[in-house]
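Visitor: Input structure: protein.pdb, which contains PDB, C-alpha atoms.
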ATOM      1  CA  MET Z   1     -86.883 -85.180 -74.618  1.00  0.00           C
ATOM      2  CA  ALA Z   2     -85.906 -81.577 -73.708  1.00  0.00           C
ATOM      3  CA  LEU Z   3     -84.163 -82.655 -70.523  1.00  0.00           C
ATOM      4  CA  GLY Z   4     -82.123 -85.308 -72.290  1.00  0.00           C
ATOM      5  CA  SER Z   5     -80.870 -82.901 -74.932  1.00  0.00           C
ATOM      6  CA  GLY Z   6     -79.441 -80.563 -72.267  1.00  0.00           C
ATOM      7  CA  LEU Z   7     -77.557 -83.218 -70.310  1.00  0.00           C
ATOM      8  CA  GLY Z   8     -74.527 -83.112 -72.597  1.00  0.00           C
ATOM      9  CA  ALA Z   9     -74.026 -79.395 -71.941  1.00  0.00           C
ATOM     10  CA  ILE Z  10     -74.461 -79.884 -68.198  1.00  0.00           C
ATOM     11  CA  PHE Z  11     -71.971 -82.747 -68.188  1.00  0.00           C
ATOM     12  CA  ALA Z  12     -69.434 -80.701 -70.171  1.00  0.00           C
ATOM     13  CA  HIS Z  13     -69.785 -77.796 -67.725  1.00  0.00           C
ATOM     14  CA  LEU Z  14     -69.323 -80.065 -64.689  1.00  0.00           C
ATOM     15  CA  LEU Z  15     -66.330 -81.761 -66.315  1.00  0.00           C
ATOM     16  CA  ARG Z  16     -64.642 -78.417 -67.064  1.00  0.00           C
ATOM     17  CA  ASP Z  17     -65.321 -77.250 -63.510  1.00  0.00           C
ATOM     18  CA  GLY Z  18     -63.826 -80.443 -62.081  1.00  0.00           C
ATOM     19  CA  ILE Z  19     -60.723 -80.153 -64.264  1.00  0.00           C
ATOM     20  CA  ASP Z  20     -60.253 -76.503 -63.241  1.00  0.00           C
ATOM     21  CA  ARG Z  21     -60.540 -77.449 -59.531  1.00  0.00           C
ATOM     22  CA  GLN Z  22     -58.026 -80.280 -59.986  1.00  0.00           C
ATOM     23  CA  ARG Z  23     -55.530 -77.992 -61.718  1.00  0.00           C
ATOM     24  CA  LEU Z  24     -55.781 -75.409 -58.957  1.00  0.00           C
ATOM     25  CA  ALA Z  25     -55.470 -78.024 -56.206  1.00  0.00           C
ATOM     26  CA  GLN Z  26     -52.386 -79.547 -57.836  1.00  0.00           C
ATOM     27  CA  ALA Z  27     -50.679 -76.313 -58.866  1.00  0.00           C
ATOM     28  CA  HIS Z  28     -48.003 -76.427 -56.152  1.00  0.00           C
ATOM     29  CA  VAL Z  29     -47.562 -80.136 -55.436  1.00  0.00           C
ATOM     30  CA  THR Z  30     -44.782 -82.315 -56.797  1.00  0.00           C
ATOM     31  CA  ASP Z  31     -46.649 -85.620 -56.588  1.00  0.00           C
ATOM     32  CA  ARG Z  32     -49.699 -85.900 -58.874  1.00  0.00           C
ATOM     33  CA  ALA Z  33     -51.424 -88.133 -56.322  1.00  0.00           C
ATOM     34  CA  LEU Z  34     -51.653 -85.135 -53.976  1.00  0.00           C
ATOM     35  CA  PHE Z  35     -54.021 -82.186 -53.829  1.00  0.00           C
ATOM     36  CA  ARG Z  36     -53.441 -79.048 -51.747  1.00  0.00           C
ATOM     37  CA  VAL Z  37     -56.780 -78.110 -50.203  1.00  0.00           C
ATOM     38  CA  ALA Z  38     -58.463 -76.895 -47.044  1.00  0.00           C
ATOM     39  CA  VAL Z  39     -60.481 -79.682 -45.410  1.00  0.00           C
ATOM     40  CA  GLY Z  40     -63.060 -78.734 -42.836  1.00  0.00           C
ATOM     41  CA  PHE Z  41     -65.752 -80.125 -40.593  1.00  0.00           C
ATOM     42  CA  VAL Z  42     -68.680 -78.417 -38.931  1.00  0.00           C
ATOM     43  CA  ASP Z  43     -70.620 -80.322 -36.285  1.00  0.00           C
ATOM     44  CA  LEU Z  44     -73.892 -79.267 -34.674  1.00  0.00           C
ATOM     45  CA  VAL Z  45     -72.966 -79.826 -31.022  1.00  0.00           C
ATOM     46  CA  GLY Z  46     -76.083 -80.303 -28.930  1.00  0.00           C
ATOM     47  CA  PHE Z  47     -78.173 -81.535 -31.828  1.00  0.00           C
ATOM     48  CA  THR Z  48     -78.929 -84.954 -30.321  1.00  0.00           C
ATOM     49  CA  PRO Z  49     -81.045 -83.610 -27.402  1.00  0.00           C
ATOM     50  CA  VAL Z  50     -82.810 -81.216 -29.791  1.00  0.00           C
ATOM     51  CA  SER Z  51     -83.514 -84.065 -32.225  1.00  0.00           C
ATOM     52  CA  HIS Z  52     -85.152 -86.120 -29.438  1.00  0.00           C
ATOM     53  CA  ARG Z  53     -87.784 -83.394 -29.080  1.00  0.00           C
ATOM     54  CA  MET Z  54     -88.604 -83.542 -32.813  1.00  0.00           C
ATOM     55  CA  GLY Z  55     -91.037 -85.804 -34.554  1.00  0.00           C
ATOM     56  CA  SER Z  56     -89.746 -87.928 -37.413  1.00  0.00           C
ATOM     57  CA  ARG Z  57     -91.035 -85.556 -40.109  1.00  0.00           C
ATOM     58  CA  GLU Z  58     -89.643 -82.490 -38.361  1.00  0.00           C
ATOM     59  CA  LEU Z  59     -86.275 -84.220 -37.914  1.00  0.00           C
ATOM     60  CA  SER Z  60     -86.194 -85.289 -41.556  1.00  0.00           C
ATOM     61  CA  SER Z  61     -87.089 -81.748 -42.623  1.00  0.00           C
ATOM     62  CA  PHE Z  62     -84.363 -80.237 -40.420  1.00  0.00           C
ATOM     63  CA  ILE Z  63     -81.692 -82.582 -41.776  1.00  0.00           C
ATOM     64  CA  GLY Z  64     -82.831 -81.820 -45.330  1.00  0.00           C
ATOM     65  CA  GLN Z  65     -82.590 -78.082 -44.641  1.00  0.00           C
ATOM     66  CA  PHE Z  66     -79.154 -78.559 -43.068  1.00  0.00           C
ATOM     67  CA  GLU Z  67     -77.910 -80.405 -46.143  1.00  0.00           C
ATOM     68  CA  ASN Z  68     -79.462 -77.926 -48.587  1.00  0.00           C
ATOM     69  CA  ARG Z  69     -78.034 -74.932 -46.747  1.00  0.00           C
ATOM     70  CA  ALA Z  70     -74.608 -76.570 -46.552  1.00  0.00           C
ATOM     71  CA  PHE Z  71     -74.564 -77.178 -50.327  1.00  0.00           C
ATOM     72  CA  ARG Z  72     -75.743 -73.611 -51.005  1.00  0.00           C
ATOM     73  CA  LEU Z  73     -73.142 -72.066 -48.697  1.00  0.00           C
ATOM     74  CA  ALA Z  74     -70.383 -74.234 -50.154  1.00  0.00           C
ATOM     75  CA  ALA Z  75     -71.245 -73.042 -53.663  1.00  0.00           C
ATOM     76  CA  GLU Z  76     -71.361 -69.408 -52.509  1.00  0.00           C
ATOM     77  CA  HIS Z  77     -67.947 -69.654 -50.811  1.00  0.00           C
ATOM     78  CA  GLY Z  78     -66.035 -71.601 -53.456  1.00  0.00           C
ATOM     79  CA  GLY Z  79     -66.083 -74.894 -51.585  1.00  0.00           C
ATOM     80  CA  ARG Z  80     -67.520 -78.342 -52.109  1.00  0.00           C
ATOM     81  CA  ILE Z  81     -69.373 -80.607 -49.696  1.00  0.00           C
ATOM     82  CA  ILE Z  82     -67.671 -84.000 -49.494  1.00  0.00           C
ATOM     83  CA  LYS Z  83     -70.180 -85.713 -47.224  1.00  0.00           C
ATOM     84  CA  HIS Z  84     -72.759 -85.349 -44.500  1.00  0.00           C
ATOM     85  CA  ILE Z  85     -72.500 -87.493 -41.392  1.00  0.00           C
ATOM     86  CA  GLY Z  86     -75.761 -86.945 -39.543  1.00  0.00           C
ATOM     87  CA  ASP Z  87     -75.419 -83.473 -38.035  1.00  0.00           C
ATOM     88  CA  GLU Z  88     -71.880 -82.974 -39.342  1.00  0.00           C
ATOM     89  CA  VAL Z  89     -70.635 -81.795 -42.711  1.00  0.00           C
ATOM     90  CA  MET Z  90     -67.203 -82.339 -44.288  1.00  0.00           C
ATOM     91  CA  PHE Z  91     -66.089 -79.904 -46.969  1.00  0.00           C
ATOM     92  CA  VAL Z  92     -63.088 -78.871 -49.050  1.00  0.00           C
ATOM     93  CA  ALA Z  93     -61.960 -75.602 -50.584  1.00  0.00           C
ATOM     94  CA  ILE Z  94     -58.962 -74.912 -52.781  1.00  0.00           C
ATOM     95  CA  ASP Z  95     -58.094 -71.698 -50.947  1.00  0.00           C
ATOM     96  CA  PRO Z  96     -57.606 -71.679 -47.147  1.00  0.00           C
ATOM     97  CA  VAL Z  97     -59.328 -68.289 -46.822  1.00  0.00           C
ATOM     98  CA  ALA Z  98     -62.356 -69.628 -48.712  1.00  0.00           C
ATOM     99  CA  GLY Z  99     -62.314 -72.657 -46.391  1.00  0.00           C
ATOM    100  CA  CYS Z 100     -62.317 -70.400 -43.316  1.00  0.00           C
ATOM    101  CA  ASN Z 101     -65.131 -68.292 -44.727  1.00  0.00           C
ATOM    102  CA  LEU Z 102     -67.165 -71.395 -45.521  1.00  0.00           C
ATOM    103  CA  ALA Z 103     -66.628 -72.837 -42.023  1.00  0.00           C
ATOM    104  CA  LEU Z 104     -67.720 -69.540 -40.467  1.00  0.00           C
ATOM    105  CA  ALA Z 105     -70.772 -69.312 -42.738  1.00  0.00           C
ATOM    106  CA  LEU Z 106     -71.816 -72.879 -41.859  1.00  0.00           C
ATOM    107  CA  MET Z 107     -71.388 -72.225 -38.141  1.00  0.00           C
ATOM    108  CA  THR Z 108     -73.359 -68.971 -38.146  1.00  0.00           C
ATOM    109  CA  GLU Z 109     -76.148 -70.470 -40.280  1.00  0.00           C
ATOM    110  CA  PHE Z 110     -77.326 -72.791 -37.505  1.00  0.00           C
ATOM    111  CA  VAL Z 111     -76.603 -70.865 -34.315  1.00  0.00           C
ATOM    112  CA  ASP Z 112     -80.267 -69.779 -33.951  1.00  0.00           C
ATOM    113  CA  TYR Z 113     -81.525 -73.306 -33.324  1.00  0.00           C
ATOM    114  CA  GLY Z 114     -80.211 -73.598 -29.761  1.00  0.00           C
ATOM    115  CA  ILE Z 115     -77.324 -75.635 -31.133  1.00  0.00           C
ATOM    116  CA  GLN Z 116     -73.641 -74.743 -30.805  1.00  0.00           C
ATOM    117  CA  PRO Z 117     -71.995 -75.331 -34.193  1.00  0.00           C
ATOM    118  CA  ARG Z 118     -68.277 -76.040 -33.952  1.00  0.00           C
ATOM    119  CA  GLY Z 119     -65.832 -76.359 -36.767  1.00  0.00           C
ATOM    120  CA  GLY Z 120     -62.281 -77.149 -37.626  1.00  0.00           C
ATOM    121  CA  LEU Z 121     -60.148 -76.615 -40.689  1.00  0.00           C
ATOM    122  CA  ALA Z 122     -56.787 -77.885 -41.893  1.00  0.00           C
ATOM    123  CA  TYR Z 123     -54.872 -76.880 -44.998  1.00  0.00           C
ATOM    124  CA  GLY Z 124     -52.267 -79.000 -46.726  1.00  0.00           C
ATOM    125  CA  ASP Z 125     -51.605 -81.906 -49.030  1.00  0.00           C
ATOM    126  CA  VAL Z 126     -54.153 -84.707 -49.187  1.00  0.00           C
ATOM    127  CA  VAL Z 127     -54.669 -87.883 -51.190  1.00  0.00           C
ATOM    128  CA  ALA Z 128     -58.133 -87.956 -52.754  1.00  0.00           C
ATOM    129  CA  ARG Z 129     -59.859 -91.325 -53.081  1.00  0.00           C
ATOM    130  CA  GLN Z 130     -63.464 -91.913 -54.075  1.00  0.00           C
ATOM    131  CA  GLY Z 131     -64.486 -88.329 -53.386  1.00  0.00           C
ATOM    132  CA  THR Z 132     -62.952 -88.021 -49.915  1.00  0.00           C
ATOM    133  CA  THR Z 133     -59.562 -86.975 -48.678  1.00  0.00           C
ATOM    134  CA  THR Z 134     -56.814 -88.460 -46.543  1.00  0.00           C
ATOM    135  CA  GLU Z 135     -54.348 -86.019 -45.017  1.00  0.00           C
ATOM    136  CA  LYS Z 136     -50.662 -86.377 -45.836  1.00  0.00           C
ATOM    137  CA  TRP Z 137     -48.959 -83.994 -43.427  1.00  0.00           C
TER     138      TRP Z 137
END
Would you put the structure from the file into structure tokens?

Guide:
Amino acid sequence: MALGSGLGAIFAHLLRDGIDRQRLAQAHVTDRALFRVAVGFVDLVGFTPVSHRMGSRELSSFIGQFENRAFRLAAEHGGRIIKHIGDEVMFVAIDPVAGCNLALALMTEFVDYGIQPRGGLAYGDVVARQGTTTEKW
């Protein structure tokens, strides 16, 4: 019962946050189908050979930690994780500086595992569909 009574407040908070992000991302575009955001990827290069040395539970635990850390770092740096693709993460940030800081934070988070994280970032107008983005350069 207690959990159910708090869901309305949580939903309202998430809705307000989403509306604020949309307003910021569309502040300087002329077409309301577009959003101006930084879109980035970080890939754990060299993860496949490392994963072959892991047992299934260790691998599952590592991927879970990777995802949890990515979500935490995104929240700390004003970004949002769009999706995980194995050992790769796709993210967005409204501000290009925040996107750069998030990419750097993600890459430095996993450098101690004998893996070379690599990232890329682009900033510009995108079309958002079903939670992901398509660049419109």

Visitor: Given the file shown, enumerate the residues that the PyMOL selection byres ((chain Z and resi 77) around 12) captures and present them as a PyMOL selection string.

Guide: chain Z and resi 70-76+78-81+91-106

Visitor: I would like the residues chosen by the PyMOL selection byres ((chain Z and resi 111-123) around 7) on the shown file; could you give them as a PyMOL selection string?

Guide: chain Z and resi 37-47+96+103+107-110+124

Visitor: Report the distance between CA of His28 (chain Z) and CA of Lys83 (chain Z) in Å, rounded to one decimal place.

Guide: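 Computing the Euclidean distance for CA of His28 (chain Z) and CA of Lys83 (chain Z) yields 25.6 Å.
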
Visitor: Work out how far apart CA of Ala128 (chain Z) and CA of Ala9 (chain Z) are and give it in Å to one decimal.

Guide: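 These atoms are spaced 26.3 Å apart.
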
Visitor: At what distance in Å, to one decimal, does CA of Phe66 (chain Z) lie from CA of Asp125 (chain Z)?

Guide: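 So the answer is 28.4 Å.
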
Visitor: Find the axis-aligned box for region 108-127 of chain Z, covering all its listed atoms and adding 4 Å on each side, and write its centre and edge lengths in Å to one decimal as AutoDock Vina command-line options.

Guide:
--center_x -66.6 --center_y -78.4 --center_z -40.5 --size_x 37.9 --size_y 26.9 --size_z 29.4

Visitor: Please, which residues are within 7 Å of (-52.6, -82.5, -50.7) by the file's coordinates, counting only C-alpha atoms, and could they come as a PyMOL selection string?

Guide: chain Z and resi 34-37+124-127+135-136
